[in-house]
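Below is data.pdb, holding PDB, C-alpha atoms.
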ATOM      1  CA  MET A   1     -57.229  51.361 -32.624  1.00  0.00           C
ATOM      2  CA  VAL A   2     -58.748  51.411 -29.177  1.00  0.00           C
ATOM      3  CA  ALA A   3     -60.657  48.616 -27.510  1.00  0.00           C
ATOM      4  CA  VAL A   4     -64.399  48.586 -28.154  1.00  0.00           C
ATOM      5  CA  CYS A   5     -66.422  48.347 -24.939  1.00  0.00           C
ATOM      6  CA  ALA A   6     -69.704  46.491 -24.994  1.00  0.00           C
ATOM      7  CA  ALA A   7     -72.512  48.293 -23.230  1.00  0.00           C
ATOM      8  CA  GLY A   8     -76.267  48.015 -23.287  1.00  0.00           C
ATOM      9  CA  PHE A   9     -76.227  44.407 -24.299  1.00  0.00           C
ATOM     10  CA  GLY A  10     -76.004  42.914 -20.791  1.00  0.00           C
ATOM     11  CA  MET A  11     -72.199  42.685 -21.024  1.00  0.00           C
ATOM     12  CA  SER A  12     -69.371  44.615 -19.429  1.00  0.00           C
ATOM     13  CA  GLY A  13     -65.657  44.876 -20.216  1.00  0.00           C
ATOM     14  CA  CYS A  14     -63.671  45.485 -23.333  1.00  0.00           C
ATOM     15  CA  VAL A  15     -63.214  43.458 -26.485  1.00  0.00           C
ATOM     16  CA  ALA A  16     -59.610  43.277 -27.741  1.00  0.00           C
ATOM     17  CA  THR A  17     -58.881  44.755 -31.141  1.00  0.00           C
ATOM     18  CA  SER A  18     -57.687  42.649 -34.028  1.00  0.00           C
ATOM     19  CA  SER A  19     -54.164  44.072 -33.728  1.00  0.00           C
ATOM     20  CA  GLU A  20     -53.964  43.062 -30.056  1.00  0.00           C
ATOM     21  CA  ILE A  21     -55.192  39.582 -30.902  1.00  0.00           C
ATOM     22  CA  ALA A  22     -52.604  39.329 -33.608  1.00  0.00           C
ATOM     23  CA  GLY A  23     -49.947  40.421 -31.110  1.00  0.00           C
ATOM     24  CA  LEU A  24     -51.067  37.783 -28.637  1.00  0.00           C
ATOM     25  CA  ARG A  25     -50.925  35.173 -31.356  1.00  0.00           C
ATOM     26  CA  GLY A  26     -47.408  36.284 -32.180  1.00  0.00           C
ATOM     27  CA  ASP A  27     -46.397  36.045 -28.530  1.00  0.00           C
ATOM     28  CA  ILE A  28     -47.913  32.567 -28.327  1.00  0.00           C
ATOM     29  CA  ALA A  29     -46.085  31.533 -31.455  1.00  0.00           C
ATOM     30  CA  GLY A  30     -42.862  32.892 -29.958  1.00  0.00           C
ATOM     31  CA  LEU A  31     -43.448  30.941 -26.742  1.00  0.00           C
ATOM     32  CA  LYS A  32     -44.085  27.801 -28.775  1.00  0.00           C
ATOM     33  CA  GLY A  33     -40.819  28.394 -30.575  1.00  0.00           C
ATOM     34  CA  ASP A  34     -39.010  28.864 -27.302  1.00  0.00           C
ATOM     35  CA  LEU A  35     -40.660  25.725 -25.946  1.00  0.00           C
ATOM     36  CA  ASN A  36     -39.588  23.737 -28.994  1.00  0.00           C
ATOM     37  CA  GLY A  37     -36.055  25.075 -28.586  1.00  0.00           C
ATOM     38  CA  LEU A  38     -36.076  24.092 -24.929  1.00  0.00           C
ATOM     39  CA  LYS A  39     -37.303  20.615 -25.865  1.00  0.00           C
ATOM     40  CA  ALA A  40     -34.464  20.329 -28.383  1.00  0.00           C
ATOM     41  CA  ASP A  41     -31.969  21.447 -25.759  1.00  0.00           C
ATOM     42  CA  LEU A  42     -33.358  18.899 -23.294  1.00  0.00           C
ATOM     43  CA  SER A  43     -33.157  16.192 -25.935  1.00  0.00           C
ATOM     44  CA  GLY A  44     -29.557  17.122 -26.646  1.00  0.00           C
ATOM     45  CA  LEU A  45     -28.805  17.147 -22.921  1.00  0.00           C
ATOM     46  CA  LYS A  46     -30.362  13.698 -22.519  1.00  0.00           C
ATOM     47  CA  THR A  47     -28.210  12.449 -25.375  1.00  0.00           C
ATOM     48  CA  GLU A  48     -25.098  13.885 -23.766  1.00  0.00           C
ATOM     49  CA  ILE A  49     -26.022  12.344 -20.387  1.00  0.00           C
ATOM     50  CA  THR A  50     -26.605   8.968 -22.053  1.00  0.00           C
ATOM     51  CA  GLN A  51     -23.229   9.216 -23.773  1.00  0.00           C
ATOM     52  CA  LEU A  52     -21.551  10.216 -20.503  1.00  0.00           C
ATOM     53  CA  LYS A  53     -23.117   7.207 -18.786  1.00  0.00           C
ATOM     54  CA  ARG A  54     -21.830   4.961 -21.548  1.00  0.00           C
ATOM     55  CA  ASN A  55     -18.379   6.509 -21.264  1.00  0.00           C
ATOM     56  CA  GLN A  56     -18.463   6.093 -17.483  1.00  0.00           C
ATOM     57  CA  ALA A  57     -19.487   2.453 -17.851  1.00  0.00           C
ATOM     58  CA  ASP A  58     -16.652   1.923 -20.311  1.00  0.00           C
ATOM     59  CA  ILE A  59     -14.192   3.612 -17.946  1.00  0.00           C
ATOM     60  CA  ASN A  60     -15.441   1.488 -15.035  1.00  0.00           C
ATOM     61  CA  ALA A  61     -15.061  -1.677 -17.102  1.00  0.00           C
ATOM     62  CA  ARG A  62     -11.526  -0.693 -18.083  1.00  0.00           C
ATOM     63  CA  MET A  63     -10.648   0.151 -14.489  1.00  0.00           C
ATOM     64  CA  GLU A  64     -11.948  -3.242 -13.335  1.00  0.00           C
ATOM     65  CA  LEU A  65      -9.893  -4.955 -16.029  1.00  0.00           C
ATOM     66  CA  LEU A  66      -6.864  -2.921 -15.001  1.00  0.00           C
ATOM     67  CA  ASP A  67      -7.393  -3.891 -11.351  1.00  0.00           C
ATOM     68  CA  GLU A  68      -7.651  -7.558 -12.308  1.00  0.00           C
ATOM     69  CA  ASN A  69      -4.483  -7.356 -14.383  1.00  0.00           C
ATOM     70  CA  LEU A  70      -2.693  -5.532 -11.567  1.00  0.00           C
ATOM     71  CA  ARG A  71      -3.767  -8.144  -9.007  1.00  0.00           C
ATOM     72  CA  ALA A  72      -2.627 -10.944 -11.300  1.00  0.00           C
ATOM     73  CA  TYR A  73       0.705  -9.208 -11.875  1.00  0.00           C
ATOM     74  CA  THR A  74       1.153  -8.624  -8.135  1.00  0.00           C
ATOM     75  CA  GLU A  75       0.420 -12.271  -7.375  1.00  0.00           C
ATOM     76  CA  LYS A  76       2.945 -13.387  -9.998  1.00  0.00           C
ATOM     77  CA  LEU A  77       5.491 -10.942  -8.634  1.00  0.00           C
ATOM     78  CA  GLU A  78       5.023 -12.165  -5.061  1.00  0.00           C
ATOM     79  CA  ASN A  79       5.203 -15.764  -6.219  1.00  0.00           C
ATOM     80  CA  ASN A  80       8.418 -15.101  -8.146  1.00  0.00           C
ATOM     81  CA  ARG A  81       9.859 -13.204  -5.172  1.00  0.00           C
ATOM     82  CA  PHE A  82       9.080 -16.141  -2.901  1.00  0.00           C
ATOM     83  CA  LYS A  83      10.689 -18.586  -5.345  1.00  0.00           C
ATOM     84  CA  MET A  84      13.755 -16.362  -5.626  1.00  0.00           C
ATOM     85  CA  SER A  85      14.020 -16.206  -1.843  1.00  0.00           C
ATOM     86  CA  LEU A  86      13.858 -19.992  -1.574  1.00  0.00           C
ATOM     87  CA  LEU A  87      16.425 -20.345  -4.340  1.00  0.00           C
ATOM     88  CA  ALA A  88      18.764 -17.907  -2.607  1.00  0.00           C
ATOM     89  CA  GLN A  89      18.402 -19.797   0.677  1.00  0.00           C
ATOM     90  CA  ARG A  90      19.204 -23.069  -1.059  1.00  0.00           C
ATOM     91  CA  MET A  91      22.238 -21.488  -2.672  1.00  0.00           C
ATOM     92  CA  ASP A  92      23.383 -20.314   0.778  1.00  0.00           C
ATOM     93  CA  ASP A  93      23.039 -23.873   2.049  1.00  0.00           C
ATOM     94  CA  VAL A  94      24.903 -25.340  -0.919  1.00  0.00           C
ATOM     95  CA  HIS A  95      27.669 -22.767  -0.615  1.00  0.00           C
ATOM     96  CA  ALA A  96      28.092 -23.397   3.112  1.00  0.00           C
ATOM     97  CA  SER A  97      28.039 -27.173   2.612  1.00  0.00           C
ATOM     98  CA  LEU A  98      30.625 -26.997  -0.150  1.00  0.00           C
ATOM     99  CA  THR A  99      32.830 -24.732   1.951  1.00  0.00           C
ATOM    100  CA  GLN A 100      32.768 -27.185   4.841  1.00  0.00           C
ATOM    101  CA  ARG A 101      33.555 -30.108   2.536  1.00  0.00           C
ATOM    102  CA  MET A 102      36.426 -28.210   0.959  1.00  0.00           C
ATOM    103  CA  ASP A 103      37.827 -27.443   4.413  1.00  0.00           C
ATOM    104  CA  ILE A 104      37.659 -31.109   5.333  1.00  0.00           C
ATOM    105  CA  LEU A 105      39.332 -32.199   2.103  1.00  0.00           C
ATOM    106  CA  SER A 106      42.026 -29.552   2.355  1.00  0.00           C
ATOM    107  CA  ARG A 107      43.018 -30.834   5.784  1.00  0.00           C
ATOM    108  CA  GLN A 108      42.973 -34.409   4.390  1.00  0.00           C
ATOM    109  CA  LEU A 109      41.502 -35.798   7.530  1.00  0.00           C
ATOM    110  CA  PRO A 110      40.220 -39.364   7.334  1.00  0.00           C
ATOM    111  CA  LYS A 111      37.742 -38.556  10.099  1.00  0.00           C
ATOM    112  CA  VAL A 112      36.242 -35.353  11.356  1.00  0.00           C
ATOM    113  CA  ASP A 113      35.929 -35.373  15.121  1.00  0.00           C
ATOM    114  CA  GLY A 114      34.382 -31.940  15.437  1.00  0.00           C
ATOM    115  CA  ALA A 115      30.696 -31.369  14.826  1.00  0.00           C
ATOM    116  CA  VAL A 116      29.817 -30.158  11.345  1.00  0.00           C
ATOM    117  CA  LEU A 117      28.216 -26.719  11.426  1.00  0.00           C
ATOM    118  CA  PRO A 118      24.578 -26.561  10.367  1.00  0.00           C
ATOM    119  CA  VAL A 119      23.754 -25.035   6.993  1.00  0.00           C
ATOM    120  CA  PRO A 120      22.413 -21.425   7.050  1.00  0.00           C
ATOM    121  CA  THR A 121      18.709 -22.254   7.019  1.00  0.00           C
ATOM    122  CA  GLU A 122      19.125 -24.794   9.832  1.00  0.00           C
ATOM    123  CA  LEU A 123      21.028 -22.333  12.010  1.00  0.00           C
ATOM    124  CA  PHE A 124      18.417 -19.660  11.279  1.00  0.00           C
ATOM    125  CA  GLN A 125      15.547 -22.027  12.106  1.00  0.00           C
ATOM    126  CA  VAL A 126      17.072 -23.026  15.445  1.00  0.00           C
ATOM    127  CA  SER A 127      17.414 -19.353  16.395  1.00  0.00           C
ATOM    128  CA  TYR A 128      13.882 -18.611  15.227  1.00  0.00           C
ATOM    129  CA  ASN A 129      12.500 -21.468  17.333  1.00  0.00           C
ATOM    130  CA  ASP A 130      14.161 -19.907  20.405  1.00  0.00           C
ATOM    131  CA  TYR A 131      12.644 -16.533  19.457  1.00  0.00           C
ATOM    132  CA  ALA A 132       9.165 -18.023  18.991  1.00  0.00           C
ATOM    133  CA  ARG A 133       9.350 -19.652  22.460  1.00  0.00           C
ATOM    134  CA  GLY A 134      10.285 -16.332  24.034  1.00  0.00           C
ATOM    135  CA  MET A 135      13.853 -17.444  24.761  1.00  0.00           C
ATOM    136  CA  TYR A 136      15.169 -14.105  23.572  1.00  0.00           C
ATOM    137  CA  ASN A 137      18.723 -14.345  24.919  1.00  0.00           C
ATOM    138  CA  LEU A 138      19.325 -17.614  23.083  1.00  0.00           C
ATOM    139  CA  ALA A 139      17.631 -16.257  19.972  1.00  0.00           C
ATOM    140  CA  ILE A 140      19.790 -13.126  19.958  1.00  0.00           C
ATOM    141  CA  ARG A 141      22.966 -15.162  20.318  1.00  0.00           C
ATOM    142  CA  GLY A 142      21.859 -17.544  17.589  1.00  0.00           C
ATOM    143  CA  PHE A 143      20.940 -14.810  15.123  1.00  0.00           C
ATOM    144  CA  ARG A 144      24.180 -12.925  15.832  1.00  0.00           C
ATOM    145  CA  ASP A 145      26.120 -16.121  15.181  1.00  0.00           C
ATOM    146  CA  TYR A 146      24.185 -16.502  11.948  1.00  0.00           C
ATOM    147  CA  LEU A 147      25.062 -12.945  10.855  1.00  0.00           C
ATOM    148  CA  GLU A 148      28.732 -13.478  11.650  1.00  0.00           C
ATOM    149  CA  ARG A 149      28.853 -16.631   9.542  1.00  0.00           C
ATOM    150  CA  TYR A 150      26.508 -15.588   6.737  1.00  0.00           C
ATOM    151  CA  PRO A 151      26.348 -11.756   6.640  1.00  0.00           C
ATOM    152  CA  ASP A 152      25.312 -11.623   2.969  1.00  0.00           C
ATOM    153  CA  SER A 153      22.755 -14.423   2.989  1.00  0.00           C
ATOM    154  CA  GLU A 154      19.144 -14.089   1.916  1.00  0.00           C
ATOM    155  CA  LEU A 155      17.930 -14.386   5.515  1.00  0.00           C
ATOM    156  CA  ALA A 156      20.372 -11.855   6.987  1.00  0.00           C
ATOM    157  CA  PRO A 157      17.830  -8.957   6.999  1.00  0.00           C
ATOM    158  CA  LYS A 158      15.338 -11.153   8.867  1.00  0.00           C
ATOM    159  CA  ALA A 159      18.008 -12.084  11.396  1.00  0.00           C
ATOM    160  CA  PHE A 160      18.477  -8.367  12.122  1.00  0.00           C
ATOM    161  CA  PHE A 161      14.708  -7.977  12.439  1.00  0.00           C
ATOM    162  CA  TYR A 162      14.317 -10.761  15.006  1.00  0.00           C
ATOM    163  CA  ILE A 163      17.286  -9.496  17.017  1.00  0.00           C
ATOM    164  CA  ALA A 164      15.749  -6.005  17.155  1.00  0.00           C
ATOM    165  CA  ASP A 165      12.340  -7.390  18.055  1.00  0.00           C
ATOM    166  CA  ALA A 166      13.826  -9.577  20.786  1.00  0.00           C
ATOM    167  CA  TYR A 167      15.601  -6.566  22.305  1.00  0.00           C
ATOM    168  CA  LEU A 168      12.376  -4.571  22.112  1.00  0.00           C
ATOM    169  CA  SER A 169      10.458  -7.363  23.842  1.00  0.00           C
ATOM    170  CA  ARG A 170      13.044  -7.273  26.654  1.00  0.00           C
ATOM    171  CA  LYS A 171      12.773  -3.462  26.785  1.00  0.00           C
ATOM    172  CA  GLN A 172      16.467  -3.168  25.914  1.00  0.00           C
ATOM    173  CA  TYR A 173      15.742  -0.087  23.850  1.00  0.00           C
ATOM    174  CA  GLN A 174      19.314   1.075  23.279  1.00  0.00           C
ATOM    175  CA  ASP A 175      20.333  -2.349  21.960  1.00  0.00           C
ATOM    176  CA  CYS A 176      17.274  -2.369  19.727  1.00  0.00           C
ATOM    177  CA  LEU A 177      18.202   1.053  18.302  1.00  0.00           C
ATOM    178  CA  LYS A 178      21.776  -0.076  17.612  1.00  0.00           C
ATOM    179  CA  THR A 179      20.482  -3.153  15.796  1.00  0.00           C
ATOM    180  CA  VAL A 180      18.095  -1.069  13.695  1.00  0.00           C
ATOM    181  CA  GLU A 181      20.858   1.356  12.717  1.00  0.00           C
ATOM    182  CA  ALA A 182      23.213  -1.502  11.776  1.00  0.00           C
ATOM    183  CA  TYR A 183      20.445  -3.028   9.674  1.00  0.00           C
ATOM    184  CA  LEU A 184      19.648   0.266   7.891  1.00  0.00           C
ATOM    185  CA  ARG A 185      23.314   0.775   7.006  1.00  0.00           C
ATOM    186  CA  GLN A 186      23.550  -2.676   5.469  1.00  0.00           C
ATOM    187  CA  PHE A 187      20.073  -3.013   3.937  1.00  0.00           C
ATOM    188  CA  PRO A 188      18.688   0.504   3.241  1.00  0.00           C
ATOM    189  CA  ALA A 189      16.326  -0.690   0.508  1.00  0.00           C
ATOM    190  CA  ASP A 190      15.121  -3.927   2.109  1.00  0.00           C
ATOM    191  CA  GLU A 191      11.401  -4.736   2.374  1.00  0.00           C
ATOM    192  CA  LEU A 192      11.617  -4.846   6.184  1.00  0.00           C
ATOM    193  CA  VAL A 193      12.712  -1.189   6.469  1.00  0.00           C
ATOM    194  CA  PRO A 194       9.212   0.052   7.538  1.00  0.00           C
ATOM    195  CA  SER A 195       9.043  -2.642  10.233  1.00  0.00           C
ATOM    196  CA  MET A 196      12.499  -1.796  11.538  1.00  0.00           C
ATOM    197  CA  LEU A 197      11.732   1.933  11.576  1.00  0.00           C
ATOM    198  CA  TYR A 198       8.544   1.180  13.501  1.00  0.00           C
ATOM    199  CA  ARG A 199      10.587  -0.630  16.139  1.00  0.00           C
ATOM    200  CA  LYS A 200      12.848   2.375  16.269  1.00  0.00           C
ATOM    201  CA  VAL A 201       9.807   4.525  17.030  1.00  0.00           C
ATOM    202  CA  GLN A 202       8.770   2.140  19.823  1.00  0.00           C
ATOM    203  CA  SER A 203      12.267   2.121  21.305  1.00  0.00           C
ATOM    204  CA  LEU A 204      12.523   5.914  21.233  1.00  0.00           C
ATOM    205  CA  ARG A 205       9.162   6.185  22.964  1.00  0.00           C
ATOM    206  CA  GLY A 206      10.362   3.643  25.517  1.00  0.00           C
ATOM    207  CA  LEU A 207      13.293   5.995  26.176  1.00  0.00           C
ATOM    208  CA  SER A 208      10.856   8.975  26.373  1.00  0.00           C
ATOM    209  CA  ASP A 209      12.493  10.579  23.325  1.00  0.00           C
ATOM    210  CA  HIS A 210       9.120  11.549  21.879  1.00  0.00           C
ATOM    211  CA  LYS A 211      10.443  14.259  19.572  1.00  0.00           C
ATOM    212  CA  GLN A 212      12.716  11.944  17.621  1.00  0.00           C
ATOM    213  CA  ALA A 213      10.075   9.203  17.759  1.00  0.00           C
ATOM    214  CA  ASP A 214       7.572  11.557  16.087  1.00  0.00           C
ATOM    215  CA  GLU A 215      10.134  12.435  13.415  1.00  0.00           C
ATOM    216  CA  VAL A 216      10.721   8.775  12.559  1.00  0.00           C
ATOM    217  CA  ALA A 217       6.963   8.129  12.591  1.00  0.00           C
ATOM    218  CA  ALA A 218       6.450  11.030  10.158  1.00  0.00           C
ATOM    219  CA  ALA A 219       9.127   9.543   7.890  1.00  0.00           C
ATOM    220  CA  ILE A 220       7.263   6.207   7.855  1.00  0.00           C
ATOM    221  CA  LEU A 221       3.960   7.911   6.986  1.00  0.00           C
ATOM    222  CA  LYS A 222       5.612   9.846   4.177  1.00  0.00           C
ATOM    223  CA  SER A 223       7.778   7.134   2.621  1.00  0.00           C
ATOM    224  CA  TYR A 224       5.599   4.087   3.333  1.00  0.00           C
ATOM    225  CA  PRO A 225       2.006   5.412   3.523  1.00  0.00           C
ATOM    226  CA  THR A 226       0.354   2.085   2.634  1.00  0.00           C
ATOM    227  CA  SER A 227       2.403  -0.096   4.986  1.00  0.00           C
ATOM    228  CA  LYS A 228       0.837  -1.815   7.991  1.00  0.00           C
ATOM    229  CA  GLU A 229       3.216   0.215  10.176  1.00  0.00           C
ATOM    230  CA  ALA A 230       1.768   3.452   8.776  1.00  0.00           C
ATOM    231  CA  GLN A 231      -1.749   2.141   9.477  1.00  0.00           C
ATOM    232  CA  SER A 232      -0.771   1.381  13.060  1.00  0.00           C
ATOM    233  CA  LEU A 233       0.633   4.887  13.479  1.00  0.00           C
ATOM    234  CA  ARG A 234      -2.666   6.305  12.204  1.00  0.00           C
ATOM    235  CA  GLY A 235      -4.524   4.224  14.755  1.00  0.00           C
ATOM    236  CA  ASN A 236      -5.896   1.763  12.184  1.00  0.00           C
ATOM    237  CA  PRO A 237      -4.018  -1.499  12.882  1.00  0.00           C
TER
END
Give the structure from the file, written as structure tokens.
Amino acid sequence: MVAVCAAGFGMSGCVATSSEIAGLRGDIAGLKGDLNGLKADLSGLKTEITQLKRNQADINARMELLDENLRAYTEKLENNRFKMSLLAQRMDDVHASLTQRMDILSRQLPKVDGAVLPVPTELFQVSYNDYARGMYNLAIRGFRDYLERYPDSELAPKAFFYIADAYLSRKQYQDCLKTVEAYLRQFPADELVPSMLYRKVQSLRGLSDHKQADEVAAAILKSYPTSKEAQSLRGNP
């Protein structure tokens, strides 16, 4: 059917046929259906977002709990490490004291005229006091004496460290490098390795060997990325 045009009744335009109206109604119904489908999709999306937020909150809570447990474990580990270090130092002292007493008894001397050697921690402390006062020559001699007497003691790695640092402070770069290399041969897995490697970098730079210094610095960044030495190399002390 064609549209019927109104004329002669003070009106202009065309009146839609019943089939066109029915078509429009069908289109409207289709749009309503699409709108309802879109609303359902949005509702489902909101539900998924809500669930994701809940999952994220649960993950965050678990991560916080994991961080707390990790911190507690780390604190216990550090505390146990400190206790073990103290125990090892005491054992060094006991061993040295017993050795001296056995020497005295074996010689069957009623009186010992010579001075009794200090126990390991006392000898180490005397050397450290010299180091702390900037008396580096005395400190180096003291720590070397300590290493000769107690090469396998708990404090031996630290003795190497203070010797190297004393040499570095005196700008005796070659001696510092030799000390670092001797330390690395004897204690390759010690906790002070990053610090000793850092002093190697400083000594190499002091000798203007920038290529090798950069290689050692790169090794620190790769093997010990979270160490304070790595932060210093990145410019974030």
task = Tell me which protein, DNA and RNA residues are within 10 Å of A:Phe124, counting all atoms listed in the file, leaving out same-chain ones fewer than 2 positions away, and put them as a PyMOL selection string.
result = chain A and resi 118-122+126-129+139+142-147+155-156+158-159
Please identify all polymer residues within 10 Å of A:Leu184, counting all atoms listed in the file, omitting same-chain residues fewer than 5 positions from it, and present them as a tab-separated table (two decimals) with C-alpha atoms, in the frame of the given file.
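And here's around07.tsv as it stands now:
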chain	number	residue	atom	x	y	z
A	157	PRO	CA	17.83	-8.96	7.00
A	160	PHE	CA	18.48	-8.37	12.12
A	178	LYS	CA	21.78	-0.08	17.61
A	179	THR	CA	20.48	-3.15	15.80
A	189	ALA	CA	16.33	-0.69	0.51
A	190	ASP	CA	15.12	-3.93	2.11
A	192	LEU	CA	11.62	-4.85	6.18
A	193	VAL	CA	12.71	-1.19	6.47
A	196	MET	CA	12.50	-1.80	11.54
A	197	LEU	CA	11.73	1.93	11.58
task = Extract, using only C-alpha atoms, all DNA, RNA and protein residues at most 9 Å from A:Gln212, discarding same-chain residues fewer than 6 positions from it, and format them as a list in words.
result =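 Surrounding residues, per the criterion: Val201, Leu204 and Arg205 of chain A.
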query = In Å, how far is it from atom CA of A:Tyr136 to atom CA of A:Ala166?
reply =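 Computing it gives 5.5 Å between the two atoms.
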Spatial neighbours of A:Ser227, 9 Å, only C-alpha atoms, chain gap at least 4 places, as a PyMOL selection string = chain A and resi 194-195+220-221+231-232
key: Coordinates-based distance that separates atom CA of A:Ile140 from atom CA of A:Ile163 (Å, one decimal)   =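 So the two atoms, atom CA of A:Ile163 and atom CA of A:Ile140, lie 5.3 Å apart.
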Report as JSON the centre and the edge lengths, in Å to one decimal, of the axis-aligned box holding every listed atom of stretch 176-193 of chain A, padded by 3 Å on each side.
{"center_x": 17.5, "center_y": -1.7, "center_z": 10.1, "size_x": 18.1, "size_y": 12.2, "size_z": 25.2}
message = What does the structure give for the distance between atom CA of A:Glu148 and atom CA of A:Gln186, in Å to one decimal?
response =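 Between atom CA of A:Glu148 and atom CA of A:Gln186 the gap works out to 13.5 Å.
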